[in-house]
Structure formats: C-alpha cells, structure tokens
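One structure is given here, and the rest of the page talks about it.
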4 protein chains.
Amino acid sequence: MEKTDFKHSTQIRVRSFDVDSQGIVHNAVYLQYFEIGRIEYRRHFGISLNSNGVFSDGMKVVVARNEIDYFKPAFLDDVLSIHTKISWIKNSSFCFEQLITNDSSGDKICECKGILVNLNSDTNIPELLNAEFVKQIEVFEPNLKLIKNSIS
Amino acid sequence: MEKTDFKHSTQIRVRSFDVDSQGIVHNAVYLQYFEIGRIEYRRHFGISLNSNGVFSDGMKVVVARNEIDYFKPAFLDDVLSIHTKISWIKNSSFCFEQLITNDSSGDKICECKGILVNLNSDTNIPELLNAEFVKQIEVFEPNLKLIKNSIS
Amino acid sequence: MEKTDFKHSTQIRVRSFDVDSQGIVHNAVYLQYFEIGRIEYRRHFGISLNSNGVFSDGMKVVVARNEIDYFKPAFLDDVLSIHTKISWIKNSSFCFEQLITNDSSGDKICECKGILVNLNSDTNIPELLNAEFVKQIEVFEPNLKLIKNSIS
Amino acid sequence: MEKTDFKHSTQIRVRSFDVDSQGIVHNAVYLQYFEIGRIEYRRHFGISLNSNGVFSDGMKVVVARNEIDYFKPAFLDDVLSIHTKISWIKNSSFCFEQLITNDSSGDKICECKGILVNLNSDTNIPELLNAEFVKQIEVFEPNLKLIKNSIS
C-alpha cells in the first residue's frame, strides 16, 4: 500500500501509555489507531457513533479478522497518519485497508486489512449492508470491488 | 498502610503493555490493578460480575474518587500483590483502602483510597447499600467504621 | 475548579476502547486524558518529549500523587476538553490542577490534582527544578504559588 | 485450530477495562491476551523477561505480523484459556499459533498467527535464533516445521 492509494487520512500522536517496555508502540495499540481511522472515515460521511457502539445510521459492525504487517517501530511523541479506504464490499461484510505512516520521516510503520461484518443491532445476526452505505462508498472509492451474490 | 492491615490479597504480573516510555508501570495502570483487587475482594464473598458491569447480587457501583500515592516504580515481569480492605461504609457509599507491594522485594509500590457509590441499576440514582453487603463487611473487617445517618 | 480558571485546554474524543462494561469511560482512562493535558501544556511552551520519556529541555518527571474526583460519566464519541494549570511549585515538585468538561453539554466530568517530582535523568534522584521552567510558569500562571525553601 | 493441538495453555479473566462500548472484549485486547500466552509459553522453559523487554536468555523479539480471526465475543468476568504453540522456525523468525477458548462454554473465541523476528539486542538487526531455543522447541513441539537455509 502507498499513501497515494488513500483519499482519507487522520492524525494521532503517540502517547507514553502507547509505548511498551521496549520503548516502541506496542503491537496491540495499532489496532486502536486503525479503529480511530475507521471511525473517522465514517465521520467524513457525516456518520457518528451512538453511546452503545452503533453508528448514527443504524449500522452495527464487528471485527471478523485483522491482518497486520509491522514494518518499522513508532516512538513516543511521533505524529502518525492513519490512511483508510474500503477495498471491497460483499453482502454483509466489507474490508478496510489501512496504512500508518510517520509524518516526519514519511516511513511506512504498518498496514492492516480488517474485515468487518454488519449485524442486526437487535439480534446480532449478520444482515445485508444498507444500500445508502454501499452507494456512498462506491462513489467515494475509485477502486472498490463490489462482490454481489456472495455468501457473507 | 501496611500489608498486615489487610485480610485480602490478590496477585498480578506486570505485562509489557503496562509499562510506558520511561520503562515503568504507567500511573494510570495502577487504577486497573486496584480495580482487579476490588473485584477479587467481592469474589471472596461469592459475588461475581454480570456482563453489564452489575454484580451478581444486584449491586452497581461507580467510582466517585480515587486518591493514589506512588512510592516506587514497578517494572516488567514483576509480580505484585494488591491488598484490599473496606475501611468505612456510609448509607450509599463506601471506601476501599488498598496497597500494592512487590512480592520479591517487599517494597511498597503505591496505595489508594477509592470511594465508590452504590447506584440503583435501573435509574442510576444513588441508593442505600443492601443490608447483606454491609453485614458481610462488618463481619470480615475488624476495623470497619460504620457511619450511619450520613447523607451519602 | 471552573473552566475560566484555566489558560490552557486541549481536546480529545472518547474512543470505544476507553469505555468499559458499564458503557462509560473507565476511571483509569481519565489519568491518560490528564496526562495528554499535561504534555500539551508543556508543548504550549515549545517543549516536546524525547523517545525515552524525558522532555526536550532535559526535565524528567514522575507522578507522586493523583487525586481524582469523578462527577459525571462520559460516553463514546463525546468530545471532552482537558483544562490544565500549574497551581504551585516547590523546590523539586509541582502540582497540576486539571478539569475535564464535556464540550457539548458544558458539564464538569472530573477534576484532578497531580503532584509531579523532577528527577535527575541519570540518577533518578529528585533534583531542583530548572530556573527557566519556574520562570515560564510564573509568567504564565496568574495565581501560581511559589513555595521556596521547601523540602520537596 | 483445536484445543487438543496445544501442549501449553494459560488462563486470564476478562476485566471491565477490556470490554468496549459494545459490551464485548475489544478486538485490540486479544493481542494483549496473545502476548500473555507467548510470554508464559517461554516461562514454561524457565525464561523470564528483563525490565527492558529482552528475555533472560538474551533473546529480543519483535512482532512482524499478526493475523487474527474473531469467532465469538467474550464478555466481562469470562475466564478464557490462551493456547499457544510454535508452528515453524526459520533462521531468525518463528511463528506462534494461538487459540483462545471460553473455559465455561468451551467455545472458540479467536485464533492468531503471529510472526516474531529475533533481533540483536544491541543493533536491533535481525540475527540467527540461538541453537538452544531451537532445540527446546524441537523437543517440545511434535509438529514443528524447521525451515533451514531460509532468508528470514
């Protein structure tokens, strides 16, 4: 992945409690950073989060898979950019592809593919993604793969 | 506070993600450790936690105040003991006093006074502590101060 | 404490991992928020953090005490302001007073008094605060108490 | 992966601060649990961690990749088992395969493949795994793949 593949970015600063005993950002913390990127990506379309973890448009998503490659360490007080896109959408699931870069050096720090599943917010059973969400992403993401008639 | 003031202790091990950029346990993490002590204290009386954060006997408590003194740093892989007692009970609030010691050196690491308030689990309004809880603690804690007719 | 008592504020947004099983920001997380406020307060004077947790002007501080009063819960996606000042300075220690408010409702969420101790960054023994730091804060904080000839 | 594939397991209890705004363990927290499993796996062979994040036998490892599949949510106060094995070893890298199960229901919660790289603890450049480590794991893991003459 390259920075230029992304239309959405958000910044964070590395805090002392993000850093572990080796003096580098702990591998679990990047999943917090990636989540910040995912939420801010949706906020770009005017969607916020209700206090119960359901989005303001009624979508409730859970993470089914995360795949992270770590390239270089990040350190205390570094400013990092989290670049986020949606690469494919199936019936009830979709994939975030994300890259984190160091704002000062330009270095790639890590990248992630995360598969999210849309749940009915009452029954917690997977359900079809709403048409408006799919349309928004289709318009926004030039290289989106729309995989219809899939089983997930 | 001294170790000998306490009848309940539980152990934890310092993990890499508990340690910060200075190589010591981060000051916020001790509030996680103190909470582990508080929950295990109640488990000693056969009480567990429901998934919504309410105890199995119906008690729902929130933290109103924490007062922590930090004496010595703790490091990665240290085994620490969390010593816990209840020092006073009012109508709807009570106070945990807690001490953390290093199992290997015996050093005092930090201590905390935490004031908890009992809420009605439907309305979230403070309500009288149930009599059974008060009785349990009265029996267990030799130096408990029971402050009746108080306003909180 | 009141918002108007402070000359420095910084904002954060509540993230899903800041919220606990009761659906509110966990009591330990506020110490992370307060630390963000403390670091940004120093950044206001042009000071940043080296990767080893020592400030760029050579100051190394550790937390000796935190005293937090929790007034109202904060929820997912809330935007909070962290208001920070230094209220007193002794020979080698000083006190942050801080207030967190909800940007939307204006409600006070919690407040903290934190005592920090300045260490020699080689020996980790408390040492006199540097004169430039003391002068900066004296100029900036209208109500600072400067307590000289103290023993800490 | 199945529980019976593993010779090493360790237990943790889900804490209130591990749970997020949806009332379930946050997806990032499982990487903390997996790390606990990895450290305890090594402790089984008598190896502990120094305070700088280097193991007592001189090994310093960093995470190069994590691949996590989430099957079912875990909830507050659940007791989980973290099952850990090493599935392959190359010249300077090796792979942990791990499964988390719920002790009460027996359900599979999630599984992870994590690739770790051995660094020279002075230069932070990848270096050959020490022979004693490789031999220990060869003896312990019946299905280990030893991939010699590899480039990583």
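Here, A, B, ... name the chains of the structure tokens in the order displayed, residue numbers run from 1 inside each chain, and ligands are numbered from 1 in the same displayed order.
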
Each residue of chain D with at least one atom at most 7 Å from chain A should appear once, together with its nearest atom pair and the corresponding distance in Å (one decimal); atoms considered: only C-alpha atoms; ordering: chain, then increasing residue number; output as a Markdown table.
| residue | atom | partner | partner_atom | distance |
| --- | --- | --- | --- | --- |
| D:Ser21 | CA | A:Gly53 | CA | 5.2 |
| D:Gln22 | CA | A:Gly53 | CA | 5.1 |
| D:Asn27 | CA | A:Val63 | CA | 7.0 |
| D:Ala28 | CA | A:Leu31 | CA | 5.2 |
| D:Val29 | CA | A:Ala28 | CA | 6.8 |
| D:Leu31 | CA | A:Ala28 | CA | 5.2 |
| D:Gln32 | CA | A:Ala28 | CA | 6.4 |
| D:Ser51 | CA | A:Ser21 | CA | 6.9 |
| D:Asn52 | CA | A:Ser21 | CA | 5.6 |
| D:Gly53 | CA | A:Gln22 | CA | 5.1 |
| D:Val63 | CA | A:Tyr70 | CA | 7.0 |
| D:Ala64 | CA | A:Tyr70 | CA | 4.9 |
| D:Arg65 | CA | A:Asp69 | CA | 4.5 |
| D:Asn66 | CA | A:Ile68 | CA | 5.3 |
| D:Glu67 | CA | A:Glu67 | CA | 4.3 |
| D:Ile68 | CA | A:Asn66 | CA | 5.3 |
| D:Asp69 | CA | A:Arg65 | CA | 4.5 |
| D:Tyr70 | CA | A:Ala64 | CA | 4.9 |
| D:Phe71 | CA | A:Ala64 | CA | 6.9 |

Please, which residues of region 26-146 of chain D, numbered as in this document, come out helix (DSSP H, G or I) from DSSP, as a count of residues only? 25

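Using only C-alpha atoms for every distance, the candidate list D:Arg15, D:Ser87, D:Asn120, D:Lys135 yields D:Arg15 as the residue closest to Gly37 (chain B).
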
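For region 89-93 of chain A, the set of protein, DNA and RNA residues having any atom at most 7 Å away, when counting only C-alpha atoms and skipping those fewer than 4 positions along the same chain, is Ile115, Leu116, Val117, Asn118, Pro126, Glu127, Leu128, Leu129, Lys145, Leu146, Ile147, Lys148, Asn149, Ser150 and Ser152 of chain A.
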
Output file for the residues above (N, CA, C and O atoms, as a PDB file, in the first residue's frame):
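What ended up in out-v9.pdb:
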ATOM      1  N   ILE A 115     -11.537  -7.110   8.221  1.00  0.00           N
ATOM      2  CA  ILE A 115     -12.853  -7.467   7.685  1.00  0.00           C
ATOM      3  C   ILE A 115     -13.897  -7.240   8.767  1.00  0.00           C
ATOM      4  O   ILE A 115     -13.786  -7.744   9.880  1.00  0.00           O
ATOM      5  N   LEU A 116     -14.894  -6.434   8.430  1.00  0.00           N
ATOM      6  CA  LEU A 116     -15.974  -6.082   9.347  1.00  0.00           C
ATOM      7  C   LEU A 116     -17.264  -6.735   8.876  1.00  0.00           C
ATOM      8  O   LEU A 116     -17.496  -6.845   7.674  1.00  0.00           O
ATOM      9  N   VAL A 117     -18.108  -7.146   9.819  1.00  0.00           N
ATOM     10  CA  VAL A 117     -19.392  -7.756   9.494  1.00  0.00           C
ATOM     11  C   VAL A 117     -20.509  -6.895  10.066  1.00  0.00           C
ATOM     12  O   VAL A 117     -20.429  -6.444  11.210  1.00  0.00           O
ATOM     13  N   ASN A 118     -21.515  -6.675   9.256  1.00  0.00           N
ATOM     14  CA  ASN A 118     -22.673  -5.884   9.641  1.00  0.00           C
ATOM     15  C   ASN A 118     -23.686  -6.763  10.358  1.00  0.00           C
ATOM     16  O   ASN A 118     -24.085  -7.806   9.846  1.00  0.00           O
ATOM     17  N   PRO A 126     -25.795 -11.439  11.340  1.00  0.00           N
ATOM     18  CA  PRO A 126     -25.349 -10.700  10.161  1.00  0.00           C
ATOM     19  C   PRO A 126     -26.529 -10.348   9.256  1.00  0.00           C
ATOM     20  O   PRO A 126     -27.439 -11.169   9.064  1.00  0.00           O
ATOM     21  N   GLU A 127     -26.514  -9.136   8.730  1.00  0.00           N
ATOM     22  CA  GLU A 127     -27.579  -8.765   7.794  1.00  0.00           C
ATOM     23  C   GLU A 127     -27.000  -7.932   6.658  1.00  0.00           C
ATOM     24  O   GLU A 127     -25.905  -7.381   6.757  1.00  0.00           O
ATOM     25  N   LEU A 128     -27.748  -7.820   5.555  1.00  0.00           N
ATOM     26  CA  LEU A 128     -27.347  -7.047   4.376  1.00  0.00           C
ATOM     27  C   LEU A 128     -26.927  -5.644   4.765  1.00  0.00           C
ATOM     28  O   LEU A 128     -27.606  -4.987   5.554  1.00  0.00           O
ATOM     29  N   LEU A 129     -25.847  -5.181   4.192  1.00  0.00           N
ATOM     30  CA  LEU A 129     -25.435  -3.781   4.358  1.00  0.00           C
ATOM     31  C   LEU A 129     -26.487  -2.881   3.726  1.00  0.00           C
ATOM     32  O   LEU A 129     -27.050  -3.217   2.668  1.00  0.00           O
ATOM     33  N   LYS A 145     -14.123  -2.935  -5.017  1.00  0.00           N
ATOM     34  CA  LYS A 145     -14.679  -4.154  -5.628  1.00  0.00           C
ATOM     35  C   LYS A 145     -16.017  -4.457  -4.957  1.00  0.00           C
ATOM     36  O   LYS A 145     -16.058  -4.696  -3.759  1.00  0.00           O
ATOM     37  N   LEU A 146     -17.050  -4.473  -5.763  1.00  0.00           N
ATOM     38  CA  LEU A 146     -18.376  -4.778  -5.232  1.00  0.00           C
ATOM     39  C   LEU A 146     -18.680  -6.227  -5.582  1.00  0.00           C
ATOM     40  O   LEU A 146     -18.769  -6.592  -6.748  1.00  0.00           O
ATOM     41  N   ILE A 147     -18.767  -7.074  -4.549  1.00  0.00           N
ATOM     42  CA  ILE A 147     -18.876  -8.515  -4.765  1.00  0.00           C
ATOM     43  C   ILE A 147     -20.286  -8.947  -4.366  1.00  0.00           C
ATOM     44  O   ILE A 147     -20.543  -9.271  -3.210  1.00  0.00           O
ATOM     45  N   LYS A 148     -21.201  -8.896  -5.318  1.00  0.00           N
ATOM     46  CA  LYS A 148     -22.600  -9.205  -5.002  1.00  0.00           C
ATOM     47  C   LYS A 148     -22.855 -10.705  -5.043  1.00  0.00           C
ATOM     48  O   LYS A 148     -22.023 -11.471  -5.528  1.00  0.00           O
ATOM     49  N   ASN A 149     -24.012 -11.103  -4.521  1.00  0.00           N
ATOM     50  CA  ASN A 149     -24.407 -12.514  -4.510  1.00  0.00           C
ATOM     51  C   ASN A 149     -23.396 -13.404  -3.798  1.00  0.00           C
ATOM     52  O   ASN A 149     -23.347 -14.599  -4.022  1.00  0.00           O
ATOM     53  N   SER A 150     -22.579 -12.796  -2.981  1.00  0.00           N
ATOM     54  CA  SER A 150     -21.649 -13.584  -2.180  1.00  0.00           C
ATOM     55  C   SER A 150     -22.400 -14.150  -0.980  1.00  0.00           C
ATOM     56  O   SER A 150     -23.556 -13.797  -0.746  1.00  0.00           O
ATOM     57  N   SER A 152     -21.348 -13.917   2.240  1.00  0.00           N
ATOM     58  CA  SER A 152     -21.116 -13.236   3.526  1.00  0.00           C
ATOM     59  C   SER A 152     -21.182 -11.727   3.364  1.00  0.00           C
ATOM     60  O   SER A 152     -21.320 -11.210   2.260  1.00  0.00           O
TER      61      SER A 152
END

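The gap separating CA of Phe75 (chain D) from CA of Val25 (chain A) is 26.5 Å, in Å to one decimal.
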
Give the strand (DSSP E or B) residues of region 59-138 of chain C, as assigned by DSSP on the backbone, as a ChimeraX atom specification. /C:60-70,79-89,93-102,108-119,126

Counting only C-alpha atoms, what is within 10 Å of region 38-47 of chain B, bar same-chain residues fewer than 3 positions away, as a ChimeraX atom specification? /B:7-10,32-35,50,55-59,82-86,96-98,114,133,136-137,140 /D:15-16,77

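Interatomic distance, CA of Asn143 (chain C) against CA of Ser48 (chain C): 24.9 Å.
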
Exercise: Ser104 (chain D) partners within 10 Å, only C-alpha atoms, chain neighbours under 3 positions left out, as a PyMOL selection string: chain D and resi 78-80+101+107

Mind writing the picked residues with C-alpha atoms as a PDB file, in the first residue's frame?
ATOM      1  CA  ASP D  78     -15.353 -14.665  31.499  1.00  0.00           C
ATOM      2  CA  VAL D  79     -12.413 -16.966  32.150  1.00  0.00           C
ATOM      3  CA  LEU D  80     -10.526 -17.640  28.921  1.00  0.00           C
ATOM      4  CA  THR D 101     -11.336 -20.618  24.218  1.00  0.00           C
ATOM      5  CA  ASP D 107     -16.414 -22.033  22.572  1.00  0.00           C
TER       6      ASP D 107
END

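From CA of Phe94 (chain C) back to CA of Ala74 (chain B), the distance works out to 22.5 Å.
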